[in-house]
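Structure record follows, encoded as structure tokens.
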Amino acid sequence: MGKQAIKISSVDSDELIKKLNAALSEEWLAYYQYWIGARLMEGPMRSEVEPELLLHADQELGHAVLIVDRIVQLGGTPVVNPMEWTKLATCRYEEPSDPYIEVILTQNLHGERCAIERFQDLADFTNGKDHATYQMAVQILNEELEHENDLEDWLKDLARMKNDLAKIRK
Ligand code: FE
Ligand code: FE
Ligand code: MG
């Protein structure tokens with residue numbers, strides 16, 4: 001960390017770097033969760049949902065870039081071994097063993113809700129103490145909120161479609 005950076009920061013930097021490394025691990029896991037899920041997915045609305053899931057994957061990777069740059073700026077060491085990802089992450093990787101679209105979307109939704117907690121916590125932790133990390137956390141949080149919304153909308157549409165079909169069958 002630069003001298004002035006150290007002087008102005010009143011945050012516990014070890015604790016912050018620990019949180020950032022957990023977040024970095026979670027972003028990589030989220031990236032793969034979306035990336036592999038988009039390719040395995042089967043079911044209605046597949047062609048509409050697939051490109052958006054791949055876009056979300058890219059955005060998760062973008063989050064990883066922001067986080068790793070901040071860790072380095074803070075003088076920390078970013079996680080260098082992918083074997084550490086599942087150990088450091090609080091948000092779980094959910095293996096997409098069932099390719100049905102509803103299952104894939106639900107797994108991604110769990111990830112997003114966990115990510116929202118992660119960046120809310122990072123924002124709380126740095127608020128008023130480390131403006132740069134705070135701003136980054138809020139920026140990422142806003143994108144995770146958008147992701148959650150997209151997933152909820154599709155799941156709502158799927159539930160409605162199932163409901164309508166059940167009515168027709170009666
Ligand atoms: Fe993310
Ligand atoms: Fe996300
Ligand atoms: Mg989206």
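Convention: chains lettered A, B, ... in structure tokens order; per-chain residue numbering from 1; ligands numbered from 1 as shown.
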
Each chain A residue no farther than 12 Å from ligand 1, nearest pair in Å, only C-alpha atoms and all ligand atoms, as JSON lines:
```
{"residue": "A:Ala22", "atom": "CA", "partner": "ligand 1", "partner_atom_place_in_ligand_line": "1 (Fe)", "distance": 11.9}
{"residue": "A:Ala23", "atom": "CA", "partner": "ligand 1", "partner_atom_place_in_ligand_line": "1 (Fe)", "distance": 8.3}
{"residue": "A:Leu24", "atom": "CA", "partner": "ligand 1", "partner_atom_place_in_ligand_line": "1 (Fe)", "distance": 8.8}
{"residue": "A:Ser25", "atom": "CA", "partner": "ligand 1", "partner_atom_place_in_ligand_line": "1 (Fe)", "distance": 10.3}
{"residue": "A:Glu26", "atom": "CA", "partner": "ligand 1", "partner_atom_place_in_ligand_line": "1 (Fe)", "distance": 7.7}
{"residue": "A:Glu27", "atom": "CA", "partner": "ligand 1", "partner_atom_place_in_ligand_line": "1 (Fe)", "distance": 5.2}
{"residue": "A:Trp28", "atom": "CA", "partner": "ligand 1", "partner_atom_place_in_ligand_line": "1 (Fe)", "distance": 8.5}
{"residue": "A:Leu29", "atom": "CA", "partner": "ligand 1", "partner_atom_place_in_ligand_line": "1 (Fe)", "distance": 9.5}
{"residue": "A:Ala30", "atom": "CA", "partner": "ligand 1", "partner_atom_place_in_ligand_line": "1 (Fe)", "distance": 6.9}
{"residue": "A:Tyr31", "atom": "CA", "partner": "ligand 1", "partner_atom_place_in_ligand_line": "1 (Fe)", "distance": 7.9}
{"residue": "A:Tyr32", "atom": "CA", "partner": "ligand 1", "partner_atom_place_in_ligand_line": "1 (Fe)", "distance": 11.4}
{"residue": "A:Gln33", "atom": "CA", "partner": "ligand 1", "partner_atom_place_in_ligand_line": "1 (Fe)", "distance": 11.3}
{"residue": "A:Tyr34", "atom": "CA", "partner": "ligand 1", "partner_atom_place_in_ligand_line": "1 (Fe)", "distance": 10.7}
{"residue": "A:Leu55", "atom": "CA", "partner": "ligand 1", "partner_atom_place_in_ligand_line": "1 (Fe)", "distance": 11.5}
{"residue": "A:His56", "atom": "CA", "partner": "ligand 1", "partner_atom_place_in_ligand_line": "1 (Fe)", "distance": 8.2}
{"residue": "A:Ala57", "atom": "CA", "partner": "ligand 1", "partner_atom_place_in_ligand_line": "1 (Fe)", "distance": 8.3}
{"residue": "A:Asp58", "atom": "CA", "partner": "ligand 1", "partner_atom_place_in_ligand_line": "1 (Fe)", "distance": 9.3}
{"residue": "A:Gln59", "atom": "CA", "partner": "ligand 1", "partner_atom_place_in_ligand_line": "1 (Fe)", "distance": 6.6}
{"residue": "A:Glu60", "atom": "CA", "partner": "ligand 1", "partner_atom_place_in_ligand_line": "1 (Fe)", "distance": 4.0}
{"residue": "A:Leu61", "atom": "CA", "partner": "ligand 1", "partner_atom_place_in_ligand_line": "1 (Fe)", "distance": 7.3}
{"residue": "A:Gly62", "atom": "CA", "partner": "ligand 1", "partner_atom_place_in_ligand_line": "1 (Fe)", "distance": 7.8}
{"residue": "A:His63", "atom": "CA", "partner": "ligand 1", "partner_atom_place_in_ligand_line": "1 (Fe)", "distance": 5.3}
{"residue": "A:Ala64", "atom": "CA", "partner": "ligand 1", "partner_atom_place_in_ligand_line": "1 (Fe)", "distance": 7.4}
{"residue": "A:Val65", "atom": "CA", "partner": "ligand 1", "partner_atom_place_in_ligand_line": "1 (Fe)", "distance": 10.3}
{"residue": "A:Leu66", "atom": "CA", "partner": "ligand 1", "partner_atom_place_in_ligand_line": "1 (Fe)", "distance": 10.2}
{"residue": "A:Ile67", "atom": "CA", "partner": "ligand 1", "partner_atom_place_in_ligand_line": "1 (Fe)", "distance": 10.0}
{"residue": "A:Cys91", "atom": "CA", "partner": "ligand 1", "partner_atom_place_in_ligand_line": "1 (Fe)", "distance": 11.0}
{"residue": "A:Asn108", "atom": "CA", "partner": "ligand 1", "partner_atom_place_in_ligand_line": "1 (Fe)", "distance": 11.0}
{"residue": "A:Leu109", "atom": "CA", "partner": "ligand 1", "partner_atom_place_in_ligand_line": "1 (Fe)", "distance": 11.8}
{"residue": "A:Gly111", "atom": "CA", "partner": "ligand 1", "partner_atom_place_in_ligand_line": "1 (Fe)", "distance": 9.0}
{"residue": "A:Glu112", "atom": "CA", "partner": "ligand 1", "partner_atom_place_in_ligand_line": "1 (Fe)", "distance": 7.5}
{"residue": "A:Arg113", "atom": "CA", "partner": "ligand 1", "partner_atom_place_in_ligand_line": "1 (Fe)", "distance": 10.5}
{"residue": "A:Cys114", "atom": "CA", "partner": "ligand 1", "partner_atom_place_in_ligand_line": "1 (Fe)", "distance": 9.9}
{"residue": "A:Ala115", "atom": "CA", "partner": "ligand 1", "partner_atom_place_in_ligand_line": "1 (Fe)", "distance": 6.4}
{"residue": "A:Ile116", "atom": "CA", "partner": "ligand 1", "partner_atom_place_in_ligand_line": "1 (Fe)", "distance": 8.6}
{"residue": "A:Glu117", "atom": "CA", "partner": "ligand 1", "partner_atom_place_in_ligand_line": "1 (Fe)", "distance": 11.3}
{"residue": "A:Arg118", "atom": "CA", "partner": "ligand 1", "partner_atom_place_in_ligand_line": "1 (Fe)", "distance": 9.6}
{"residue": "A:Phe119", "atom": "CA", "partner": "ligand 1", "partner_atom_place_in_ligand_line": "1 (Fe)", "distance": 9.0}
{"residue": "A:Met136", "atom": "CA", "partner": "ligand 1", "partner_atom_place_in_ligand_line": "1 (Fe)", "distance": 11.5}
{"residue": "A:Ala137", "atom": "CA", "partner": "ligand 1", "partner_atom_place_in_ligand_line": "1 (Fe)", "distance": 10.1}
{"residue": "A:Val138", "atom": "CA", "partner": "ligand 1", "partner_atom_place_in_ligand_line": "1 (Fe)", "distance": 11.5}
{"residue": "A:Gln139", "atom": "CA", "partner": "ligand 1", "partner_atom_place_in_ligand_line": "1 (Fe)", "distance": 10.2}
{"residue": "A:Ile140", "atom": "CA", "partner": "ligand 1", "partner_atom_place_in_ligand_line": "1 (Fe)", "distance": 6.4}
{"residue": "A:Leu141", "atom": "CA", "partner": "ligand 1", "partner_atom_place_in_ligand_line": "1 (Fe)", "distance": 7.8}
{"residue": "A:Asn142", "atom": "CA", "partner": "ligand 1", "partner_atom_place_in_ligand_line": "1 (Fe)", "distance": 9.7}
{"residue": "A:Glu143", "atom": "CA", "partner": "ligand 1", "partner_atom_place_in_ligand_line": "1 (Fe)", "distance": 7.3}
{"residue": "A:Glu144", "atom": "CA", "partner": "ligand 1", "partner_atom_place_in_ligand_line": "1 (Fe)", "distance": 5.9}
{"residue": "A:Leu145", "atom": "CA", "partner": "ligand 1", "partner_atom_place_in_ligand_line": "1 (Fe)", "distance": 9.7}
{"residue": "A:Glu146", "atom": "CA", "partner": "ligand 1", "partner_atom_place_in_ligand_line": "1 (Fe)", "distance": 10.5}
{"residue": "A:His147", "atom": "CA", "partner": "ligand 1", "partner_atom_place_in_ligand_line": "1 (Fe)", "distance": 8.7}
{"residue": "A:Glu148", "atom": "CA", "partner": "ligand 1", "partner_atom_place_in_ligand_line": "1 (Fe)", "distance": 10.7}
```

What is the atom CA of A:Pro82 to atom CA of A:Leu20 distance in Å?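 Value for the atom CA of A:Pro82-atom CA of A:Leu20 distance: 15.1 Å.
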
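Shortest separation to A:Thr90 among A:Asn21, A:Arg46, A:Trp35, A:Asp150 occurs at residue A:Asn21, atoms counted being only C-alpha atoms.
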
DSSP on the backbone: which residues in stretch 26-168 of chain A end up as alpha helix (DSSP H)? Give the answer as a PyMOL selection string. chain A and resi 26-40+46-73+85-88+101-126+131-168

For stretch 9-11 of chain A: contacts at 10 Å, only C-alpha atoms, fewer than 3 positions along chain excluded, given as a PyMOL selection string: chain A and resi 1+4-6+14-16+74+125-132

So which one's closest to ligand 3, A:Met45, A:Val103, A:Leu165, A:Leu151? Using only C-alpha atoms and all ligand atoms, please.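 Among the listed residues, A:Leu151 lies closest to ligand 3.
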
Point-to-point distance in Å for atom CA of A:Trp85 and atom CA of A:Ala123: 21.7 Å
